[in-house]
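Peer 1: Input structure: entry_3.pdb, which contains PDB, C-alpha atoms, pLDDT in the B column.
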MODEL        1
ATOM      1  CA  MET A   5       0.000   0.000   0.000  1.00 60.00           C
ATOM      2  CA  ALA A   6       1.283   3.430  -0.898  1.00 80.00           C
ATOM      3  CA  LEU A   7       2.231   5.642   2.049  1.00 88.00           C
ATOM      4  CA  ILE A   8       1.692   8.808   0.033  1.00 92.00           C
ATOM      5  CA  SER A   9      -1.803   9.724  -1.168  1.00 93.00           C
ATOM      6  CA  PRO A  10      -2.393   9.962  -4.939  1.00 95.00           C
ATOM      7  CA  SER A  11      -2.830  13.754  -4.719  1.00 96.00           C
ATOM      8  CA  ASP A  12       0.431  14.173  -2.780  1.00 95.00           C
ATOM      9  CA  GLN A  13       2.150  11.858  -5.259  1.00 96.00           C
ATOM     10  CA  GLN A  14       1.037  14.154  -8.041  1.00 97.00           C
ATOM     11  CA  LYS A  15       2.351  17.242  -6.207  1.00 97.00           C
ATOM     12  CA  LEU A  16       5.674  15.549  -5.583  1.00 97.00           C
ATOM     13  CA  ARG A  17       5.890  14.441  -9.223  1.00 97.00           C
ATOM     14  CA  GLU A  18       5.461  18.082 -10.267  1.00 97.00           C
ATOM     15  CA  SER A  19       8.085  19.310  -7.770  1.00 97.00           C
ATOM     16  CA  PHE A  20      10.593  16.639  -8.805  1.00 97.00           C
ATOM     17  CA  GLY A  21       9.914  17.541 -12.445  1.00 97.00           C
ATOM     18  CA  ALA A  22      12.007  20.682 -11.912  1.00 95.00           C
ATOM     19  CA  MET A  23      15.116  18.633 -11.027  1.00 96.00           C
ATOM     20  CA  THR A  24      17.977  19.084 -13.454  1.00 96.00           C
ATOM     21  CA  GLY A  25      20.370  16.448 -12.094  1.00 96.00           C
ATOM     22  CA  PRO A  26      20.187  12.941 -10.652  1.00 97.00           C
ATOM     23  CA  VAL A  27      20.012  12.359  -6.894  1.00 98.00           C
ATOM     24  CA  ARG A  28      21.037   9.112  -5.243  1.00 98.00           C
ATOM     25  CA  LEU A  29      19.772   8.330  -1.772  1.00 98.00           C
ATOM     26  CA  LEU A  30      22.188   6.060   0.063  1.00 98.00           C
ATOM     27  CA  PHE A  31      20.117   4.127   2.561  1.00 98.00           C
ATOM     28  CA  PHE A  32      22.222   2.749   5.411  1.00 98.00           C
ATOM     29  CA  THR A  33      20.698  -0.195   7.187  1.00 98.00           C
ATOM     30  CA  GLN A  34      21.492  -3.373   9.072  1.00 97.00           C
ATOM     31  CA  THR A  35      19.730  -6.712   9.246  1.00 95.00           C
ATOM     32  CA  LEU A  36      19.390  -7.045  13.012  1.00 94.00           C
ATOM     33  CA  ASP A  37      18.343  -4.643  15.768  1.00 94.00           C
ATOM     34  CA  CYS A  38      16.884  -1.938  13.591  1.00 96.00           C
ATOM     35  CA  ASP A  39      13.135  -1.648  14.188  1.00 96.00           C
ATOM     36  CA  THR A  40      12.693   1.402  11.982  1.00 97.00           C
ATOM     37  CA  CYS A  41      14.859   0.347   9.003  1.00 97.00           C
ATOM     38  CA  PRO A  42      12.047  -1.463   7.108  1.00 97.00           C
ATOM     39  CA  GLN A  43       9.748   1.550   7.445  1.00 96.00           C
ATOM     40  CA  THR A  44      12.485   3.885   6.251  1.00 97.00           C
ATOM     41  CA  ARG A  45      13.112   1.683   3.209  1.00 97.00           C
ATOM     42  CA  GLN A  46       9.362   1.667   2.527  1.00 96.00           C
ATOM     43  CA  ILE A  47       9.228   5.484   2.620  1.00 96.00           C
ATOM     44  CA  LEU A  48      12.275   5.815   0.352  1.00 98.00           C
ATOM     45  CA  ASP A  49      10.823   3.314  -2.123  1.00 97.00           C
ATOM     46  CA  GLU A  50       7.949   5.740  -2.715  1.00 96.00           C
ATOM     47  CA  LEU A  51      10.272   8.277  -4.320  1.00 97.00           C
ATOM     48  CA  PRO A  52      11.898   6.705  -7.421  1.00 98.00           C
ATOM     49  CA  PRO A  53       8.492   5.982  -9.081  1.00 97.00           C
ATOM     50  CA  LEU A  54       7.826   9.744  -8.871  1.00 97.00           C
ATOM     51  CA  SER A  55      11.008  10.817 -10.689  1.00 98.00           C
ATOM     52  CA  ASP A  56      13.465   9.078 -12.984  1.00 98.00           C
ATOM     53  CA  LYS A  57      16.160  11.319 -11.440  1.00 98.00           C
ATOM     54  CA  ILE A  58      15.871   9.708  -7.990  1.00 98.00           C
ATOM     55  CA  SER A  59      17.470   6.377  -7.123  1.00 98.00           C
ATOM     56  CA  ILE A  60      18.052   4.406  -3.926  1.00 98.00           C
ATOM     57  CA  GLU A  61      21.138   2.419  -3.009  1.00 98.00           C
ATOM     58  CA  GLU A  62      20.998   0.212   0.064  1.00 98.00           C
ATOM     59  CA  ILE A  63      24.156  -0.152   2.120  1.00 98.00           C
ATOM     60  CA  ASN A  64      24.492  -2.568   5.015  1.00 98.00           C
ATOM     61  CA  ILE A  65      26.688  -0.816   7.606  1.00 98.00           C
ATOM     62  CA  VAL A  66      27.894  -4.134   9.022  1.00 97.00           C
ATOM     63  CA  LEU A  67      28.860  -5.698   5.688  1.00 97.00           C
ATOM     64  CA  ASP A  68      30.028  -2.447   4.094  1.00 98.00           C
ATOM     65  CA  SER A  69      31.506  -0.603   7.043  1.00 97.00           C
ATOM     66  CA  ASP A  70      34.060   1.197   4.831  1.00 98.00           C
ATOM     67  CA  LYS A  71      31.305   2.924   2.930  1.00 98.00           C
ATOM     68  CA  ALA A  72      29.463   3.793   6.143  1.00 98.00           C
ATOM     69  CA  LYS A  73      32.667   5.347   7.454  1.00 98.00           C
ATOM     70  CA  GLN A  74      33.251   7.231   4.211  1.00 97.00           C
ATOM     71  CA  TYR A  75      29.847   8.886   4.592  1.00 98.00           C
ATOM     72  CA  GLY A  76      30.152   9.434   8.345  1.00 97.00           C
ATOM     73  CA  ILE A  77      27.351   7.042   9.254  1.00 98.00           C
ATOM     74  CA  ASP A  78      27.618   5.031  12.473  1.00 96.00           C
ATOM     75  CA  ARG A  79      23.950   4.290  13.173  1.00 97.00           C
ATOM     76  CA  VAL A  80      20.837   3.243  11.310  1.00 98.00           C
ATOM     77  CA  PRO A  81      18.533   3.956   9.669  1.00 98.00           C
ATOM     78  CA  ALA A  82      20.451   6.731   7.922  1.00 98.00           C
ATOM     79  CA  ILE A  83      20.308   8.433   4.555  1.00 98.00           C
ATOM     80  CA  ALA A  84      23.078  10.259   2.703  1.00 98.00           C
ATOM     81  CA  ILE A  85      22.142  12.398  -0.297  1.00 98.00           C
ATOM     82  CA  VAL A  86      24.479  12.332  -3.277  1.00 98.00           C
ATOM     83  CA  GLY A  87      24.148  14.456  -6.393  1.00 97.00           C
ATOM     84  CA  GLN A  88      26.230  15.425  -9.380  1.00 95.00           C
ATOM     85  CA  ASP A  89      28.455  18.399 -10.134  1.00 91.00           C
ATOM     86  CA  GLY A  90      28.473  20.367 -13.376  1.00 87.00           C
ATOM     87  CA  SER A  91      30.783  17.895 -15.093  1.00 92.00           C
ATOM     88  CA  GLY A  92      28.588  14.918 -14.232  1.00 91.00           C
ATOM     89  CA  ALA A  93      30.884  13.631 -11.474  1.00 95.00           C
ATOM     90  CA  GLU A  94      29.387  12.421  -8.219  1.00 95.00           C
ATOM     91  CA  ARG A  95      29.087  15.115  -5.558  1.00 96.00           C
ATOM     92  CA  ASP A  96      28.290  14.256  -1.953  1.00 97.00           C
ATOM     93  CA  SER A  97      25.869  16.901  -0.651  1.00 97.00           C
ATOM     94  CA  LYS A  98      27.033  16.224   2.944  1.00 98.00           C
ATOM     95  CA  ILE A  99      23.368  16.183   3.932  1.00 98.00           C
ATOM     96  CA  ARG A 100      22.373  13.252   6.152  1.00 98.00           C
ATOM     97  CA  PHE A 101      19.202  12.063   7.813  1.00 98.00           C
ATOM     98  CA  LEU A 102      19.365   9.839  10.889  1.00 98.00           C
ATOM     99  CA  GLY A 103      16.148   8.029  11.763  1.00 98.00           C
ATOM    100  CA  THR A 104      12.890   7.496   9.898  1.00 97.00           C
ATOM    101  CA  PRO A 105      12.042  10.418   7.581  1.00 96.00           C
ATOM    102  CA  ALA A 106       8.359  10.436   8.517  1.00 93.00           C
ATOM    103  CA  GLY A 107       6.027  13.347   9.188  1.00 90.00           C
ATOM    104  CA  TYR A 108       7.710  16.708   8.924  1.00 90.00           C
ATOM    105  CA  GLU A 109      11.082  15.073   8.310  1.00 94.00           C
ATOM    106  CA  PHE A 110       9.705  13.667   5.067  1.00 95.00           C
ATOM    107  CA  ILE A 111       9.152  17.231   3.866  1.00 95.00           C
ATOM    108  CA  SER A 112      12.732  18.093   4.864  1.00 96.00           C
ATOM    109  CA  LEU A 113      13.961  15.076   2.919  1.00 97.00           C
ATOM    110  CA  VAL A 114      12.002  16.114  -0.173  1.00 97.00           C
ATOM    111  CA  GLN A 115      13.427  19.641   0.097  1.00 96.00           C
ATOM    112  CA  ALA A 116      16.939  18.254   0.399  1.00 97.00           C
ATOM    113  CA  VAL A 117      16.407  16.085  -2.685  1.00 98.00           C
ATOM    114  CA  LEU A 118      15.178  19.118  -4.629  1.00 97.00           C
ATOM    115  CA  LEU A 119      18.141  21.207  -3.461  1.00 97.00           C
ATOM    116  CA  VAL A 120      20.673  18.578  -4.472  1.00 97.00           C
ATOM    117  CA  GLY A 121      18.741  17.922  -7.684  1.00 97.00           C
ATOM    118  CA  GLY A 122      19.303  21.469  -8.826  1.00 93.00           C
ATOM    119  CA  SER A 123      16.522  23.635  -7.405  1.00 85.00           C
ATOM    120  CA  GLY A 124      19.080  26.100  -6.064  1.00 82.00           C
ATOM    121  CA  SER A 125      19.761  27.356  -2.561  1.00 87.00           C
ATOM    122  CA  ASN A 126      17.269  29.497  -0.659  1.00 89.00           C
ATOM    123  CA  LEU A 127      20.066  31.159   1.298  1.00 95.00           C
ATOM    124  CA  SER A 128      20.794  34.839   0.803  1.00 96.00           C
ATOM    125  CA  THR A 129      23.927  35.775  -1.161  1.00 95.00           C
ATOM    126  CA  LYS A 130      25.442  37.244   1.999  1.00 95.00           C
ATOM    127  CA  ASN A 131      24.950  34.031   3.960  1.00 95.00           C
ATOM    128  CA  ARG A 132      26.218  31.882   1.085  1.00 95.00           C
ATOM    129  CA  GLN A 133      29.421  33.929   1.159  1.00 93.00           C
ATOM    130  CA  ARG A 134      29.741  33.523   4.921  1.00 93.00           C
ATOM    131  CA  ILE A 135      29.201  29.791   4.636  1.00 95.00           C
ATOM    132  CA  ALA A 136      31.737  29.547   1.806  1.00 94.00           C
ATOM    133  CA  ALA A 137      34.336  31.093   4.143  1.00 93.00           C
ATOM    134  CA  VAL A 138      34.301  28.071   6.474  1.00 94.00           C
ATOM    135  CA  ASP A 139      37.642  26.380   5.832  1.00 92.00           C
ATOM    136  CA  LYS A 140      37.653  23.617   8.452  1.00 92.00           C
ATOM    137  CA  PRO A 141      35.364  20.659   9.055  1.00 95.00           C
ATOM    138  CA  VAL A 142      32.091  21.595  10.698  1.00 97.00           C
ATOM    139  CA  THR A 143      29.513  19.033  11.786  1.00 97.00           C
ATOM    140  CA  MET A 144      25.999  20.223  12.476  1.00 97.00           C
ATOM    141  CA  GLN A 145      23.405  18.012  14.147  1.00 98.00           C
ATOM    142  CA  VAL A 146      19.829  19.211  14.060  1.00 97.00           C
ATOM    143  CA  PHE A 147      17.572  17.326  16.444  1.00 97.00           C
ATOM    144  CA  THR A 148      13.926  17.103  15.502  1.00 96.00           C
ATOM    145  CA  THR A 149      10.866  15.023  16.353  1.00 92.00           C
ATOM    146  CA  PRO A 150       8.418  13.471  13.859  1.00 81.00           C
ATOM    147  CA  THR A 151       5.512  15.871  14.372  1.00 72.00           C
TER     148      THR A 151
ATOM    149  CA  MET B  27      24.596  25.031   4.481  1.00 94.00           C
ATOM    150  CA  ALA B  28      26.226  21.651   3.947  1.00 95.00           C
ATOM    151  CA  PHE B  29      25.334  21.856   0.278  1.00 94.00           C
ATOM    152  CA  ALA B  30      26.936  25.319   0.069  1.00 93.00           C
ATOM    153  CA  ASN B  31      30.297  24.207   1.504  1.00 95.00           C
ATOM    154  CA  SER B  32      31.712  20.690   1.410  1.00 95.00           C
ATOM    155  CA  ASN B  33      33.539  21.354   4.707  1.00 96.00           C
ATOM    156  CA  ILE B  34      30.154  21.311   6.401  1.00 97.00           C
ATOM    157  CA  THR B  35      28.232  18.101   7.103  1.00 98.00           C
ATOM    158  CA  ALA B  36      24.652  18.374   8.318  1.00 98.00           C
ATOM    159  CA  TYR B  37      22.764  15.610  10.110  1.00 98.00           C
ATOM    160  CA  ALA B  38      19.024  15.800  10.679  1.00 98.00           C
ATOM    161  CA  VAL B  39      18.558  13.544  13.688  1.00 98.00           C
ATOM    162  CA  GLU B  40      15.206  12.040  14.571  1.00 97.00           C
ATOM    163  CA  ALA B  41      15.461  12.475  18.339  1.00 96.00           C
ATOM    164  CA  THR B  42      13.016   9.785  19.484  1.00 96.00           C
ATOM    165  CA  GLU B  43      14.977   7.046  17.685  1.00 96.00           C
ATOM    166  CA  PHE B  44      18.341   7.907  19.230  1.00 97.00           C
ATOM    167  CA  PRO B  45      17.939   8.430  22.993  1.00 96.00           C
ATOM    168  CA  ASP B  46      21.704   8.048  23.450  1.00 97.00           C
ATOM    169  CA  LEU B  47      22.345  11.141  21.312  1.00 97.00           C
ATOM    170  CA  VAL B  48      19.536  12.997  23.077  1.00 97.00           C
ATOM    171  CA  ARG B  49      21.234  12.288  26.405  1.00 97.00           C
ATOM    172  CA  ARG B  50      24.729  13.067  25.152  1.00 97.00           C
ATOM    173  CA  TYR B  51      23.711  16.454  23.755  1.00 96.00           C
ATOM    174  CA  GLN B  52      21.103  17.169  26.444  1.00 96.00           C
ATOM    175  CA  VAL B  53      18.304  17.710  23.983  1.00 96.00           C
ATOM    176  CA  THR B  54      15.371  18.945  26.064  1.00 94.00           C
ATOM    177  CA  GLY B  55      13.451  20.551  23.195  1.00 94.00           C
ATOM    178  CA  VAL B  56      13.420  20.591  19.412  1.00 95.00           C
ATOM    179  CA  PRO B  57      14.666  21.833  17.119  1.00 96.00           C
ATOM    180  CA  LYS B  58      18.064  21.869  18.757  1.00 97.00           C
ATOM    181  CA  THR B  59      21.213  22.302  16.710  1.00 98.00           C
ATOM    182  CA  VAL B  60      24.659  21.267  17.907  1.00 97.00           C
ATOM    183  CA  VAL B  61      27.684  22.512  15.955  1.00 97.00           C
ATOM    184  CA  ASN B  62      31.032  20.732  16.392  1.00 96.00           C
ATOM    185  CA  GLU B  63      29.899  19.651  19.847  1.00 94.00           C
ATOM    186  CA  GLN B  64      30.550  23.242  21.002  1.00 93.00           C
ATOM    187  CA  VAL B  65      27.741  25.523  19.898  1.00 95.00           C
ATOM    188  CA  GLU B  66      24.122  24.912  20.862  1.00 96.00           C
ATOM    189  CA  ILE B  67      21.202  26.631  19.208  1.00 97.00           C
ATOM    190  CA  LEU B  68      17.745  26.126  20.677  1.00 96.00           C
ATOM    191  CA  GLY B  69      14.690  26.678  18.542  1.00 95.00           C
ATOM    192  CA  ALA B  70      14.329  27.931  15.000  1.00 94.00           C
ATOM    193  CA  LEU B  71      16.025  31.241  14.201  1.00 96.00           C
ATOM    194  CA  PRO B  72      15.837  33.617  11.246  1.00 97.00           C
ATOM    195  CA  GLU B  73      18.439  32.708   8.606  1.00 96.00           C
ATOM    196  CA  ASP B  74      20.908  35.536   9.382  1.00 96.00           C
ATOM    197  CA  GLU B  75      20.950  34.788  13.103  1.00 96.00           C
ATOM    198  CA  PHE B  76      21.193  31.060  12.556  1.00 96.00           C
ATOM    199  CA  VAL B  77      24.205  31.373  10.251  1.00 95.00           C
ATOM    200  CA  GLU B  78      25.849  33.826  12.661  1.00 94.00           C
ATOM    201  CA  GLN B  79      25.351  31.618  15.710  1.00 95.00           C
ATOM    202  CA  ALA B  80      26.181  28.357  13.953  1.00 95.00           C
ATOM    203  CA  LEU B  81      29.283  29.485  12.088  1.00 94.00           C
ATOM    204  CA  GLY B  82      30.329  32.713  13.826  1.00 88.00           C
ATOM    205  CA  GLN B  83      33.370  31.127  15.417  1.00 83.00           C
ATOM    206  CA  PHE B  84      34.324  29.067  12.381  1.00 81.00           C
ATOM    207  CA  THR B  85      34.568  31.881   9.866  1.00 72.00           C
ATOM    208  CA  ILE B  86      36.869  34.823   9.517  1.00 61.00           C
ATOM    209  CA  HIS B  87      34.958  38.031  10.101  1.00 56.00           C
ATOM    210  CA  ASN B  88      35.729  40.809   7.690  1.00 46.00           C
TER     211      ASN B  88
ENDMDL
END
Mind converting the file's structure to structure tokens?
Peer 2:
Amino acid sequence: MALISPSDQQKLRESFGAMTGPVRLLFFTQTLDCDTCPQTRQILDELPPLSDKISIEEINIVLDSDKAKQYGIDRVPAIAIVGQDGSGAERDSKIRFLGTPAGYEFISLVQAVLLVGGSGSNLSTKNRQRIAAVDKPVTMQVFTTPT
Amino acid sequence: MAFANSNITAYAVEATEFPDLVRRYQVTGVPKTVVNEQVEILGALPEDEFVEQALGQFTIHN
């Protein structure tokens, strides 16, 4: 059964229609001790049918720990969003989601997909310049709840 | 912000699924943002203030 209503599917299809580049969602999971991994996979599986620019790649963090490390993922379920640069090479957006992207987090995930897919940043020019001036690693964790 | 600078990694953390992180970062309300385990921002802020508080100490002011 679809988790997204037909009318919301149509809205999402229209939004994703504006994407100019492909977006790959790396879904980090593990077989045991992850109650919310199946639900997260189910939510992610709703997206590729809505846009041929969206794909899902499942990565088991136990079997493929190198890849989990590469993307800074040490718990599941987690999602890393990967896009493309101007030359068509893979570009890691450095945007991650930890936990099930349900409720309001689903909207955040959709917005992140659109951003990485080429919708452009909403940030002001001034703030983009400030952000560009950061020259050492910065990790931001934003805690949210589903509602 | 992460998308604008590859030095920045952003994690959206679903608090109810990771009580260990909630305890470690003393998350008593959401949204709460933790930057490099040093800066804490409670609540949602206007863009200018958020960027200032989040990155103020990591950028060169000019």
Peer 1: Can you find the residues with an atom no farther than 8 Å from (19.6, 15.7, 21.3), counting only C-alpha atoms, and report them as a list of chain:residue names?
Peer 2: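 Neighbouring residues, ordered by chain and number, come to A:Phe147, B:Val39, B:Ala41, B:Pro45, B:Leu47, B:Val48, B:Arg49, B:Arg50, B:Tyr51, B:Gln52, B:Val53, B:Thr54, B:Lys58.
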Peer 1: With the cut-off set at 8 Å and counting only C-alpha atoms, tabulate each residue of chain B with an atom at most that distance from an atom of chain A, showing the nearest atom pair and its distance in Å to one decimal, ordered by chain and increasing number, as CSV.
Peer 2:
residue,atom,partner,partner_atom,distance
B:Met27,CA,A:Ile135,CA,6.6
B:Ala28,CA,A:Lys98,CA,5.6
B:Phe29,CA,A:Ser97,CA,5.1
B:Ala30,CA,A:Ala136,CA,6.6
B:Asn31,CA,A:Ala136,CA,5.5
B:Ser32,CA,A:Lys98,CA,6.6
B:Asn33,CA,A:Pro141,CA,4.8
B:Ile34,CA,A:Val142,CA,4.7
B:Thr35,CA,A:Lys98,CA,4.7
B:Ala36,CA,A:Met144,CA,4.7
B:Tyr37,CA,A:Arg100,CA,4.6
B:Ala38,CA,A:Phe101,CA,4.7
B:Val39,CA,A:Leu102,CA,4.7
B:Glu40,CA,A:Gly103,CA,5.0
B:Ala41,CA,A:Thr149,CA,5.6
B:Thr42,CA,A:Thr149,CA,6.5
B:Glu43,CA,A:Gly103,CA,6.1
B:Phe44,CA,A:Gly103,CA,7.8
B:Val53,CA,A:Phe147,CA,7.6
B:Val56,CA,A:Thr148,CA,5.3
B:Pro57,CA,A:Thr148,CA,5.1
B:Lys58,CA,A:Phe147,CA,5.1
B:Thr59,CA,A:Val146,CA,4.3
B:Val60,CA,A:Gln145,CA,5.1
B:Val61,CA,A:Met144,CA,4.5
B:Asn62,CA,A:Thr143,CA,5.1
B:Glu73,CA,A:Leu127,CA,7.6
B:Asp74,CA,A:Asn131,CA,6.9
B:Val77,CA,A:Asn131,CA,6.9
B:Leu81,CA,A:Ile135,CA,7.5
B:Phe84,CA,A:Val138,CA,6.0
B:Thr85,CA,A:Val138,CA,5.1
B:Ile86,CA,A:Ala137,CA,7.0
Peer 1: Excluding Ala6 of chain A and any residue of its chain fewer than 4 positions from it, enumerate the residues within 10 Å of it, using all atoms listed in the file, and give them as a PDB file with C-alpha atoms, keeping the file's coordinate frame.
Peer 2:
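Okay, part-v4.pdb is ready:
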ATOM      1  CA  PRO A  10      -2.393   9.962  -4.939  1.00 95.00           C
ATOM      2  CA  GLN A  13       2.150  11.858  -5.259  1.00 96.00           C
ATOM      3  CA  GLN A  46       9.362   1.667   2.527  1.00 96.00           C
ATOM      4  CA  ILE A  47       9.228   5.484   2.620  1.00 96.00           C
ATOM      5  CA  ASP A  49      10.823   3.314  -2.123  1.00 97.00           C
ATOM      6  CA  GLU A  50       7.949   5.740  -2.715  1.00 96.00           C
TER       7      GLU A  50
END
Peer 1: What is the distance, in Å and to one decimal place, between atom CA of Pro53 of chain A and atom CA of Gly92 of chain A?
Peer 2: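 These atoms are spaced 22.6 Å apart.
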Peer 1: Could you expand the PyMOL selection byres ((chain A and resi 54) around 9) into the explicit residues it covers here, written as a ChimeraX atom specification?
Peer 2: /A:13-14,16-18,20-21,50-53,55-58
Peer 1: Give me, please, the distance in Å between atom CA of Lys73 of chain A and atom CA of Gly121 of chain A, quoted to one decimal.
Peer 2: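 About the pair atom CA of Lys73 of chain A and atom CA of Gly121 of chain A: they are 24.1 Å apart.
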Peer 1: Step by step, work through what the PyMOL selection byres ((chain A and resi 34) around 9) selects in the shown file, and finish by giving those residues as a count of residues only.
Peer 2: 14
Peer 1: Suppose you want the space between atom CA of Phe110 of chain A and atom CA of Glu62 of chain A; what is it in Å?
Peer 2: 18.3 Å
Peer 1: Would you give the centre and edge lengths, in Å to one decimal, of a box along x, y and z around the listed atoms of segment 41-48 of chain B, with 4 Å added to each side, as AutoDock Vina command-line options?
Peer 2:
--center_x 17.7 --center_y 10.0 --center_z 20.6 --size_x 17.3 --size_y 14.0 --size_z 13.8
Peer 1: Between A:Leu7, A:Leu48, A:Thr151, A:Val117, which residue has the minimum interatomic distance to Gly87 of chain A, considering only C-alpha atoms?
Peer 2: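 For Gly87 of chain A, the nearest of the candidates is A:Val117.
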